[in-house]
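Novice: Sharing structure.csv here; it has CSV, C-alpha atoms.
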```csv
chain,number,residue,atom,x,y,z
G,1,MET,CA,105.3,85.9,98.9
G,2,LYS,CA,108.9,85.7,100.3
G,3,ILE,CA,109.7,82.5,102.1
G,4,THR,CA,112.8,81.9,104.1
G,5,PHE,CA,113.8,78.2,104.5
G,6,ILE,CA,115.9,77.4,107.6
G,7,THR,CA,117.5,74.0,107.6
G,8,GLY,CA,120.7,72.4,108.8
G,9,HIS,CA,121.7,71.1,105.4
G,10,LEU,CA,120.4,71.2,101.9
G,11,CYS,CA,122.0,69.4,99.0
G,12,LYS,CA,120.2,67.6,96.2
G,13,GLU,CA,122.3,64.4,96.7
G,14,ARG,CA,121.1,63.8,100.2
G,15,HIS,CA,118.1,66.1,101.0
G,16,ALA,CA,115.9,65.5,98.0
G,17,LEU,CA,112.6,66.3,99.8
G,18,LEU,CA,113.8,69.7,101.0
G,19,ASN,CA,115.4,70.5,97.6
G,20,GLU,CA,112.2,69.6,95.8
G,21,LEU,CA,110.0,71.5,98.2
G,22,ALA,CA,112.0,74.7,97.6
G,23,LEU,CA,111.9,74.2,93.9
G,24,ASP,CA,108.2,73.6,93.8
G,25,LEU,CA,107.4,76.6,96.0
G,26,GLY,CA,109.5,78.7,93.6
G,27,GLU,CA,107.5,77.3,90.7
G,28,TYR,CA,104.2,78.3,92.5
G,29,GLY,CA,105.4,81.9,92.5
G,30,ALA,CA,107.1,82.3,95.8
G,31,GLU,CA,110.6,83.8,96.3
G,32,ILE,CA,112.7,81.4,98.3
G,33,THR,CA,115.8,82.1,100.3
G,34,VAL,CA,117.3,78.9,101.8
G,35,LEU,CA,119.6,79.5,104.8
G,36,THR,CA,121.5,76.4,105.6
G,37,GLY,CA,124.9,74.9,106.6
G,38,PHE,CA,127.6,73.3,104.6
G,39,PRO,CA,126.7,69.5,104.0
G,40,SER,CA,129.4,67.0,104.9
G,41,ARG,CA,128.0,63.6,105.9
G,42,ARG,CA,127.3,60.8,103.5
G,43,ILE,CA,128.3,62.7,100.4
G,44,THR,CA,131.5,62.3,98.3
G,45,GLU,CA,134.5,64.6,98.7
G,46,GLU,CA,133.8,66.0,95.3
G,47,VAL,CA,130.3,67.0,96.2
G,48,ARG,CA,131.4,68.4,99.5
G,49,ARG,CA,134.1,70.6,97.7
G,50,TYR,CA,131.4,71.9,95.3
G,51,TYR,CA,129.3,73.2,98.1
G,52,LEU,CA,132.3,74.6,100.0
G,53,ASN,CA,133.1,76.6,96.8
G,54,ASN,CA,129.5,77.7,96.3
G,55,PRO,CA,128.3,79.3,99.6
G,56,VAL,CA,125.7,81.2,97.6
G,57,GLU,CA,123.9,79.3,94.8
G,58,ARG,CA,120.9,80.0,92.7
G,59,ILE,CA,119.3,76.6,92.1
G,60,ALA,CA,116.2,78.0,90.2
G,61,ASP,CA,114.9,81.4,89.1
G,62,ASN,CA,113.1,81.9,92.4
G,63,VAL,CA,115.3,79.9,94.7
G,64,VAL,CA,118.6,81.1,96.2
G,65,VAL,CA,120.6,79.0,98.7
G,66,ARG,CA,123.0,80.7,101.2
G,67,ARG,CA,125.3,78.5,103.2
G,68,VAL,CA,126.7,79.6,106.5
G,69,GLY,CA,128.6,78.3,109.5
G,70,SER,CA,131.5,75.9,109.9
G,71,ARG,CA,133.2,74.4,106.9
G,72,LYS,CA,134.8,71.6,108.9
G,73,GLY,CA,131.9,69.2,108.9
G,74,GLU,CA,129.5,67.9,111.5
G,75,GLY,CA,131.9,65.8,113.5
G,76,LYS,CA,131.7,62.1,114.4
G,77,GLY,CA,130.7,61.8,118.0
G,78,LEU,CA,127.2,62.7,119.2
G,79,LEU,CA,128.4,65.3,121.7
G,80,GLY,CA,130.7,67.0,119.1
G,81,ARG,CA,127.9,67.0,116.6
G,82,MET,CA,125.4,68.5,119.0
G,83,ILE,CA,127.9,71.3,119.9
G,84,LYS,CA,128.3,72.1,116.2
G,85,TYR,CA,124.6,72.1,115.7
G,86,VAL,CA,124.2,74.7,118.5
G,87,PHE,CA,126.7,77.0,116.8
G,88,LEU,CA,125.1,76.4,113.4
G,89,THR,CA,121.6,77.2,114.8
G,90,ARG,CA,122.9,80.5,116.3
G,91,LYS,CA,124.4,81.5,113.0
G,92,LEU,CA,121.2,80.6,111.1
G,93,TYR,CA,119.1,82.6,113.5
G,94,LYS,CA,121.3,85.7,113.0
G,95,GLU,CA,121.1,85.3,109.2
G,96,ALA,CA,117.3,84.8,109.4
G,97,LYS,CA,116.7,88.0,111.3
G,98,LYS,CA,118.6,89.9,108.6
G,99,THR,CA,116.7,88.3,105.7
G,100,ASP,CA,113.7,90.2,104.3
G,101,THR,CA,110.8,87.6,104.4
G,102,ASP,CA,107.0,87.2,104.7
G,103,VAL,CA,107.1,83.8,106.4
G,104,TYR,CA,109.7,81.3,107.8
G,105,TYR,CA,109.7,77.6,107.0
G,106,LEU,CA,111.8,75.7,109.6
G,107,TYR,CA,112.9,72.0,109.3
G,108,SER,CA,113.3,69.9,112.4
G,109,SER,CA,116.9,68.9,111.7
G,110,PRO,CA,119.1,69.8,113.4
G,111,PRO,CA,116.9,69.6,116.4
G,112,PHE,CA,117.4,73.1,117.8
G,113,LEU,CA,115.8,75.0,114.8
G,114,GLY,CA,112.3,74.8,116.3
G,115,TYR,CA,113.6,76.9,119.3
G,116,ILE,CA,114.6,79.8,117.1
G,117,GLY,CA,111.2,79.6,115.4
G,118,CYS,CA,109.8,80.6,118.7
G,119,LYS,CA,111.7,83.9,118.5
G,120,LEU,CA,111.3,84.4,114.7
G,121,SER,CA,107.5,84.1,115.0
G,122,LYS,CA,107.6,87.6,116.6
G,123,ILE,CA,109.1,88.9,113.3
G,124,ALA,CA,107.0,86.9,110.8
G,125,PRO,CA,104.7,83.8,110.8
G,126,THR,CA,106.6,80.5,111.2
G,127,LEU,CA,105.8,77.0,109.9
G,128,TYR,CA,107.7,74.3,111.8
G,129,ASN,CA,108.0,71.0,109.9
G,130,ALA,CA,108.3,68.2,112.5
G,131,GLN,CA,109.9,65.3,110.5
G,132,ASP,CA,110.9,63.6,113.7
G,133,LEU,CA,110.2,64.5,117.3
G,134,PHE,CA,113.0,65.6,119.5
G,135,PRO,CA,114.0,64.8,122.2
G,136,ASP,CA,111.9,61.6,122.0
G,137,THR,CA,114.2,60.2,119.3
G,138,LEU,CA,117.3,60.9,121.4
G,139,VAL,CA,115.8,59.2,124.5
G,140,HIS,CA,115.0,56.1,122.4
G,141,MET,CA,118.3,56.1,120.5
G,142,ARG,CA,120.5,56.5,123.6
G,143,ASN,CA,118.2,54.7,126.0
G,144,ILE,CA,118.3,57.7,128.3
G,145,ASN,CA,116.1,57.8,131.4
G,146,LYS,CA,113.2,60.2,130.9
G,147,GLY,CA,113.8,61.6,134.4
G,148,ASN,CA,117.2,62.9,133.3
G,149,PRO,CA,117.4,66.7,134.0
G,150,LEU,CA,118.6,67.4,130.5
G,151,ILE,CA,115.8,65.5,129.0
G,152,ALA,CA,113.3,67.2,131.3
G,153,TRP,CA,114.6,70.6,130.1
G,154,LEU,CA,114.5,69.5,126.5
G,155,LYS,CA,110.9,68.3,126.9
G,156,HIS,CA,110.0,71.7,128.4
G,157,LYS,CA,111.6,73.5,125.3
G,158,GLU,CA,109.8,71.1,123.0
G,159,LYS,CA,106.4,72.3,124.4
G,160,GLN,CA,107.5,75.9,123.6
G,161,VAL,CA,108.4,74.9,120.1
G,162,TYR,CA,104.9,73.5,119.4
G,163,ASN,CA,103.1,76.3,121.2
G,164,LYS,CA,105.1,79.4,120.0
G,165,ASN,CA,105.6,78.5,116.3
G,166,THR,CA,102.7,79.8,114.3
G,167,GLN,CA,101.9,76.5,112.5
G,168,ILE,CA,103.1,72.9,112.8
G,169,VAL,CA,103.2,70.3,109.9
G,170,THR,CA,104.1,66.7,110.6
G,171,ILE,CA,104.2,63.6,108.5
G,172,SER,CA,101.7,61.1,110.1
G,173,ALA,CA,98.6,61.1,112.3
G,174,ASP,CA,100.5,59.2,115.0
G,175,MET,CA,103.1,61.9,115.2
G,176,LYS,CA,100.4,64.6,115.3
G,177,GLU,CA,98.8,62.7,118.3
G,178,THR,CA,102.2,62.7,120.1
G,179,ILE,CA,102.5,66.5,119.6
G,180,VAL,CA,98.9,67.1,120.8
G,181,LYS,CA,99.8,65.2,124.0
G,182,THR,CA,102.4,67.9,124.8
G,183,GLY,CA,99.5,70.4,125.1
G,184,CYS,CA,99.7,71.8,121.6
G,185,ASN,CA,96.3,72.8,120.0
G,186,SER,CA,95.5,70.2,117.4
G,187,LYS,CA,93.9,72.8,115.2
G,188,LYS,CA,97.4,74.3,114.4
G,189,ILE,CA,98.8,70.9,113.4
G,190,GLU,CA,98.5,69.6,109.8
G,191,VAL,CA,99.6,66.2,108.5
G,192,ILE,CA,101.3,66.1,105.1
G,193,TYR,CA,102.9,62.9,104.0
G,194,ASN,CA,106.4,63.0,102.5
G,195,TRP,CA,106.2,62.5,98.8
G,196,ALA,CA,107.9,60.3,96.2
G,197,ASP,CA,108.4,60.5,92.5
G,198,THR,CA,105.3,58.7,91.5
G,199,GLN,CA,105.6,59.7,87.9
G,200,ASN,CA,109.1,58.2,87.2
G,201,LEU,CA,109.4,55.4,89.8
G,202,HIS,CA,108.2,52.1,88.6
G,203,HIS,CA,108.5,48.3,89.1
G,204,ILE,CA,111.2,46.5,87.2
G,205,ASP,CA,110.9,42.8,86.6
G,206,LYS,CA,113.7,40.7,88.1
G,207,ARG,CA,114.7,39.5,84.6
G,208,GLU,CA,115.4,43.1,83.6
G,209,ASN,CA,116.9,44.4,86.8
G,210,LYS,CA,120.5,45.3,86.0
G,211,LEU,CA,121.3,46.2,89.6
G,212,MET,CA,120.7,42.6,90.6
G,213,ASP,CA,123.1,41.5,87.9
G,214,GLU,CA,125.8,43.9,89.0
G,215,LEU,CA,125.5,42.9,92.7
G,216,GLY,CA,125.4,39.2,91.9
G,217,ILE,CA,121.9,38.6,93.4
G,218,ASP,CA,120.4,35.3,92.5
G,219,LYS,CA,117.1,36.0,90.7
G,220,ASN,CA,115.8,32.5,91.3
G,221,GLN,CA,115.7,33.1,95.1
G,222,PHE,CA,112.7,34.4,97.0
G,223,ILE,CA,114.1,37.7,98.2
G,224,VAL,CA,113.1,39.8,101.2
G,225,SER,CA,114.7,43.2,100.5
G,226,TYR,CA,115.5,46.2,102.7
G,227,ALA,CA,117.1,49.4,101.4
G,228,GLY,CA,117.9,52.6,103.3
G,229,ASP,CA,119.5,53.6,106.6
G,230,ILE,CA,121.0,50.7,108.5
G,231,GLY,CA,120.7,52.4,111.9
G,232,LEU,CA,119.3,52.0,115.4
G,233,PHE,CA,115.6,52.3,114.7
G,234,GLN,CA,115.0,49.1,112.6
G,235,GLY,CA,115.2,46.4,115.3
G,236,TRP,CA,117.9,44.2,113.6
G,237,ASP,CA,117.9,41.6,116.3
G,238,ILE,CA,114.5,40.4,115.3
G,239,ILE,CA,115.3,40.4,111.6
G,240,LEU,CA,118.5,38.4,112.1
G,241,GLU,CA,116.7,35.8,114.3
G,242,ALA,CA,114.0,35.5,111.6
G,243,ALA,CA,116.7,34.9,109.0
G,244,LYS,CA,118.1,32.1,111.1
G,245,ILE,CA,114.7,30.4,111.5
G,246,LEU,CA,114.1,30.6,107.7
G,247,LYS,CA,117.6,29.4,106.9
G,248,GLU,CA,116.6,26.0,108.5
G,249,LYS,CA,113.2,25.9,106.9
G,250,MET,CA,113.5,27.2,103.3
G,251,GLN,CA,116.9,27.3,101.6
G,252,ASP,CA,115.8,29.6,98.8
G,253,ILE,CA,114.5,32.5,101.0
G,254,HIS,CA,117.2,35.2,101.3
G,255,PHE,CA,117.5,38.7,102.7
G,256,VAL,CA,119.1,41.4,100.7
G,257,LEU,CA,120.0,44.6,102.6
G,258,ILE,CA,121.2,47.7,100.7
G,259,GLY,CA,122.3,50.8,102.5
G,260,SER,CA,124.6,52.5,105.0
G,261,GLY,CA,124.3,53.8,108.5
G,262,SER,CA,125.6,53.7,112.1
G,263,TYR,CA,124.8,50.0,112.6
G,264,LYS,CA,126.1,48.6,109.3
G,265,GLU,CA,129.5,47.5,110.4
G,266,GLN,CA,128.1,45.8,113.5
G,267,LEU,CA,125.5,44.1,111.4
G,268,ILE,CA,128.1,42.8,109.0
G,269,LYS,CA,130.1,41.4,111.9
G,270,ARG,CA,127.1,39.7,113.4
G,271,VAL,CA,126.1,38.1,110.0
G,272,GLU,CA,129.7,36.8,109.6
G,273,GLN,CA,130.1,35.6,113.3
G,274,GLU,CA,126.7,33.9,113.5
G,275,GLU,CA,127.1,32.5,110.0
G,276,ILE,CA,123.7,33.8,108.7
G,277,SER,CA,124.4,32.8,105.1
G,278,ASN,CA,121.0,33.9,103.8
G,279,ILE,CA,121.6,37.6,104.5
G,280,HIS,CA,123.5,39.6,101.9
G,281,ILE,CA,124.6,43.2,102.5
G,282,PHE,CA,125.4,45.7,99.8
G,283,PRO,CA,126.4,49.4,99.6
G,284,LEU,CA,123.9,52.3,99.4
G,285,GLN,CA,122.9,53.0,95.8
G,286,PRO,CA,122.4,56.4,94.1
G,287,ALA,CA,118.9,57.9,94.0
G,288,SER,CA,118.9,57.5,90.2
G,289,ARG,CA,118.5,53.7,90.8
G,290,LEU,CA,115.6,53.7,93.2
G,291,SER,CA,113.3,51.8,90.8
G,292,GLU,CA,115.9,49.0,90.6
G,293,VAL,CA,116.6,49.1,94.3
G,294,TYR,CA,113.0,48.7,95.4
G,295,SER,CA,112.3,46.1,92.8
G,296,VAL,CA,115.0,43.7,94.1
G,297,GLY,CA,112.7,42.0,96.6
G,298,ASP,CA,109.7,39.8,96.1
G,299,ILE,CA,108.6,41.8,99.1
G,300,GLU,CA,110.1,45.0,100.6
G,301,LEU,CA,110.8,45.2,104.3
G,302,VAL,CA,109.9,48.3,106.3
G,303,PRO,CA,111.0,47.7,109.9
G,304,ILE,CA,110.2,50.4,112.5
G,305,GLU,CA,111.3,49.5,116.0
G,306,LYS,CA,108.6,49.4,118.6
G,307,GLY,CA,107.5,52.9,119.8
G,308,ILE,CA,109.1,54.7,116.9
G,309,THR,CA,106.0,55.3,114.7
G,310,ARG,CA,104.8,57.9,117.3
G,311,MET,CA,108.0,60.0,116.8
G,312,ALA,CA,109.3,59.3,113.3
G,313,LEU,CA,108.3,57.6,110.0
G,314,PRO,CA,110.6,56.5,107.2
G,315,SER,CA,109.8,58.3,103.9
G,316,LYS,CA,110.9,55.2,102.0
G,317,THR,CA,107.4,53.7,102.5
G,318,GLY,CA,106.1,56.1,99.8
G,319,VAL,CA,109.0,55.3,97.5
G,320,ILE,CA,108.5,51.6,97.8
G,321,MET,CA,104.8,52.0,97.0
G,322,SER,CA,105.6,54.3,94.1
G,323,CYS,CA,107.8,51.5,92.7
G,324,GLY,CA,104.7,49.2,92.7
G,325,SER,CA,106.3,46.8,95.3
G,326,PRO,CA,104.4,45.1,98.1
G,327,VAL,CA,105.3,46.0,101.7
G,328,LEU,CA,106.2,43.9,104.7
G,329,ALA,CA,106.0,46.3,107.6
G,330,LEU,CA,107.1,45.7,111.1
G,331,VAL,CA,105.3,48.4,113.1
G,332,ASP,CA,103.4,49.3,116.2
G,333,GLU,CA,100.0,47.6,116.5
G,334,GLY,CA,97.2,50.0,115.7
G,335,SER,CA,99.6,52.5,114.1
G,336,GLU,CA,98.5,54.6,111.1
G,337,ILE,CA,100.8,52.8,108.7
G,338,GLU,CA,99.5,49.4,109.8
G,339,ASN,CA,95.9,50.5,109.2
G,340,ILE,CA,96.8,51.9,105.8
G,341,ILE,CA,98.5,48.7,104.6
G,342,LYS,CA,95.7,46.5,105.8
G,343,ALA,CA,92.8,48.6,104.6
G,344,HIS,CA,94.2,49.1,101.1
G,345,ARG,CA,95.8,45.6,100.8
G,346,LEU,CA,99.3,46.9,100.1
G,347,GLY,CA,101.1,44.1,101.8
G,348,ILE,CA,101.5,42.7,105.3
G,349,ALA,CA,101.8,44.6,108.6
G,350,ILE,CA,102.7,42.9,111.8
G,351,GLU,CA,103.8,44.1,115.2
G,352,HIS,CA,107.6,44.4,115.5
G,353,GLY,CA,109.2,42.2,118.2
G,354,SER,CA,108.7,38.6,117.2
G,355,ALA,CA,111.1,36.7,115.0
G,356,LYS,CA,108.7,33.8,114.8
G,357,LYS,CA,105.8,36.0,113.5
G,358,LEU,CA,108.1,37.7,111.0
G,359,SER,CA,109.3,34.3,109.7
G,360,GLU,CA,105.7,33.1,109.4
G,361,ALA,CA,104.7,36.2,107.5
G,362,ILE,CA,107.6,35.7,105.1
G,363,LEU,CA,106.6,32.0,104.6
G,364,TYR,CA,103.1,33.1,103.9
G,365,CYS,CA,104.3,35.5,101.2
G,366,TYR,CA,106.5,32.7,99.8
G,367,GLY,CA,103.5,30.5,99.4
G,368,HIS,CA,101.1,33.2,98.0
G,369,ARG,CA,103.1,34.9,95.3
G,370,SER,CA,100.0,35.8,93.3
G,371,GLU,CA,98.9,38.0,96.1
G,372,LEU,CA,102.2,39.9,96.0
G,373,ASN,CA,101.5,41.1,92.5
G,374,GLU,CA,98.1,42.4,93.6
G,375,TRP,CA,99.5,44.1,96.6
G,376,GLY,CA,102.2,45.8,94.4
G,377,GLU,CA,99.5,47.1,92.0
G,378,ASN,CA,97.5,48.4,94.9
G,379,ALA,CA,100.6,50.1,96.4
G,380,LYS,CA,101.3,52.0,93.2
G,381,GLU,CA,97.7,53.2,93.0
G,382,PHE,CA,97.8,54.3,96.7
G,383,ALA,CA,101.1,56.1,96.1
G,384,VAL,CA,99.8,58.1,93.1
G,385,GLU,CA,96.8,59.2,95.1
G,386,ASN,CA,98.6,60.0,98.4
G,387,TYR,CA,102.4,60.5,97.8
G,388,SER,CA,102.5,62.5,94.5
G,389,ARG,CA,105.0,65.3,94.8
G,390,LYS,CA,103.0,68.2,93.3
G,391,LYS,CA,99.9,67.4,95.4
G,392,GLN,CA,101.9,67.4,98.6
G,393,THR,CA,104.2,70.4,98.0
G,394,LYS,CA,101.1,72.4,97.0
G,395,LYS,CA,99.7,71.7,100.4
G,396,TYR,CA,102.7,73.4,101.9
G,397,TYR,CA,102.3,76.4,99.6
G,398,ASP,CA,98.6,76.8,100.6
G,399,ILE,CA,99.5,76.7,104.3
G,400,LEU,CA,102.3,79.2,104.0
G,401,LYS,CA,100.0,81.5,101.9
G,402,LYS,CA,97.2,81.1,104.5
G,403,LEU,CA,99.6,82.2,107.3
G,404,LEU,CA,99.8,85.6,105.6
G,405,GLY,CA,96.0,86.0,105.9
```
Just give me the structure as structure tokens.
Specialist:
Amino acid sequence: MKITFITGHLCKERHALLNELALDLGEYGAEITVLTGFPSRRITEEVRRYYLNNPVERIADNVVVRRVGSRKGEGKGLLGRMIKYVFLTRKLYKEAKKTDTDVYYLYSSPPFLGYIGCKLSKIAPTLYNAQDLFPDTLVHMRNINKGNPLIAWLKHKEKQVYNKNTQIVTISADMKETIVKTGCNSKKIEVIYNWADTQNLHHIDKRENKLMDELGIDKNQFIVSYAGDIGLFQGWDIILEAAKILKEKMQDIHFVLIGSGSYKEQLIKRVEQEEISNIHIFPLQPASRLSEVYSVGDIELVPIEKGITRMALPSKTGVIMSCGSPVLALVDEGSEIENIIKAHRLGIAIEHGSAKKLSEAILYCYGHRSELNEWGENAKEFAVENYSRKKQTKKYYDILKKLLG
């Protein structure tokens, strides 16, 4: 079986899931050709130069990566980036038509790739992997009126993406429900959770956590930790207000934030200006240190701003659970992730939007530390059963094979 991957960017330093999926499908016996652009954002200049100098790269016996398009990067502004994405999408489409394949796998980033899947489905079956739902994320991120003519046109095109691609895979039941509401037949949509390295990720006791020593984090404090993208979908106003409340009530409860993103500079300024001394912000850490990163907190924070769970889901949830750490999730009431956490006793899930409720949940954790250990053990068990890499990637392989009859 020949599979053509089509994605905006693929580099092992930033796009681990895609890289691992390609490698695993190759191990299962498929021949993989990855068509992608040149990565540029959130990687070192040394890594960027490597990919610029290696437009064609064989990363495994059955996996070849071909990079096309602009070598100048994605651009900084949203408009400039969108224009570059359009040109990259056109280039990928031209390359895809020339590539001998049995089936296409299309990733949802950049957001226009699903559109070319509509055309490519006339050549070979297509599997569109909806990791986030566009233009819903754009509407939320930029607070754009849904009646905007551009958004109305994009919503029309979105329906075509779901209806004309042969198969849809998304990463949560909530997102599947959102896609079904566009008019897509639910029978052509499968849910496959994003995976984590459940074999190698593990919990590290504070006393042995070298990362905490390097960053100067006080191991005697009760720590609420967050690691990942510091962007627009986490609802930082609520978290900062909760930190202020706790600062007055309990001096040894502190927040540790590790990561990078579009909101990080503004967040640092607010913490300084508002003198929120119980929040400490550190740089993003390499993937090789994930076990240390997600063992920093007595409880790990997963904040998802209201309304986001129906259009996107952070894959860090599976990573946290794989590290055997309890979860404090700020999510939509009645969402799949809330139901999972409560049903399997993996931590606490509360509706995002109330600093008072968040501070109360943290105080509960502070006073019931024996429960945190139990939740962490439950989280590890749940991750092994539901987020193991080989189990999840094999599901993709089975679906792709089924598309060929």
Novice: May I have the protein, DNA and RNA residues with an atom at most 12 Å from (119.6, 36.2, 114.0), counting only C-alpha atoms in the file's coordinates, returned as a PyMOL selection string?
Specialist: chain G and resi 235-248+255+267-279+354-356+358-359
Novice: With distances taken over all atoms listed in the file, which residue among G:Trp153, G:Tyr193, G:Tyr51, G:Phe233 lies nearest Lys176 of chain G?
Specialist: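 Nearest candidate to Lys176 of chain G out of G:Trp153, G:Tyr193, G:Tyr51, G:Phe233: G:Tyr193.
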Novice: Rank nothing, just name the residue among G:Glu374, G:Asp252, G:Asp398, G:Glu95 nearest to Gly324 of chain G, using all atoms listed in the file.
Specialist: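 Closest candidate: G:Glu374.
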Novice: Considering all atoms listed in the file, state which residue in the set G:Phe112, G:Tyr28, G:Phe134, G:Tyr107 is at the smallest distance from Phe87 of chain G.
Specialist: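 The closest residue to Phe87 of chain G is G:Phe112.
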Novice: Using only C-alpha atoms, which protein or nucleic acid residues come within 9 Å of Ile179 of chain G? Drop anything in the same chain fewer than 3 positions from it, and give the result as a PyMOL selection string.
Specialist: chain G and resi 133+159+162+174-176+182-186+189+311
Novice: Now that the selection is made, can you save its residues with C-alpha atoms as a compact mmCIF listing (two decimals), keeping the file's coordinate frame?
Specialist:
```
# COMPACT_ATOMS: atom_id res chain seq x y z
CA LEU G 133 110.20 64.50 117.30
CA LYS G 159 106.40 72.30 124.40
CA TYR G 162 104.90 73.50 119.40
CA ASP G 174 100.50 59.20 115.00
CA MET G 175 103.10 61.90 115.20
CA LYS G 176 100.40 64.60 115.30
CA THR G 182 102.40 67.90 124.80
CA GLY G 183 99.50 70.40 125.10
CA CYS G 184 99.70 71.80 121.60
CA ASN G 185 96.30 72.80 120.00
CA SER G 186 95.50 70.20 117.40
CA ILE G 189 98.80 70.90 113.40
CA MET G 311 108.00 60.00 116.80
```
Novice: Could you list, as a list in words, every residue within 9 Å of Met1 of chain G, counting all atoms listed in the file and ignoring same-chain residues fewer than 3 positions away?
Specialist: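 Listing them by chain and then by number gives Gly29, Ala30, Glu31, Ile32, Thr101, Asp102, Val103, Leu400, Lys401 and Leu404 of chain G.
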Novice: Rank G:Tyr115, G:Phe222, G:Phe38, G:Tyr128 by their smallest atom-to-atom distance to Lys155 of chain G, using only C-alpha atoms, and report the top residue only.
Specialist: G:Tyr115
Novice: Pick out the closest residue to Lys249 of chain G from this set: G:Asn129, G:Glu360, G:Pro110, G:His15. Count all atoms listed in the file.
Specialist: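 Residue with the minimum atom-to-atom distance to Lys249 of chain G: G:Glu360.
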Novice: Select, from G:Val293, G:Ile123, G:Val169, G:Val63, the residue with the minimum atom-to-atom distance to Lys206 of chain G, counting only C-alpha atoms.
Specialist: G:Val293
Novice: What does the distance from atom CA of Tyr387 of chain G to atom CA of Ala196 of chain G come to in Å, to one decimal?
Specialist: 5.7 Å
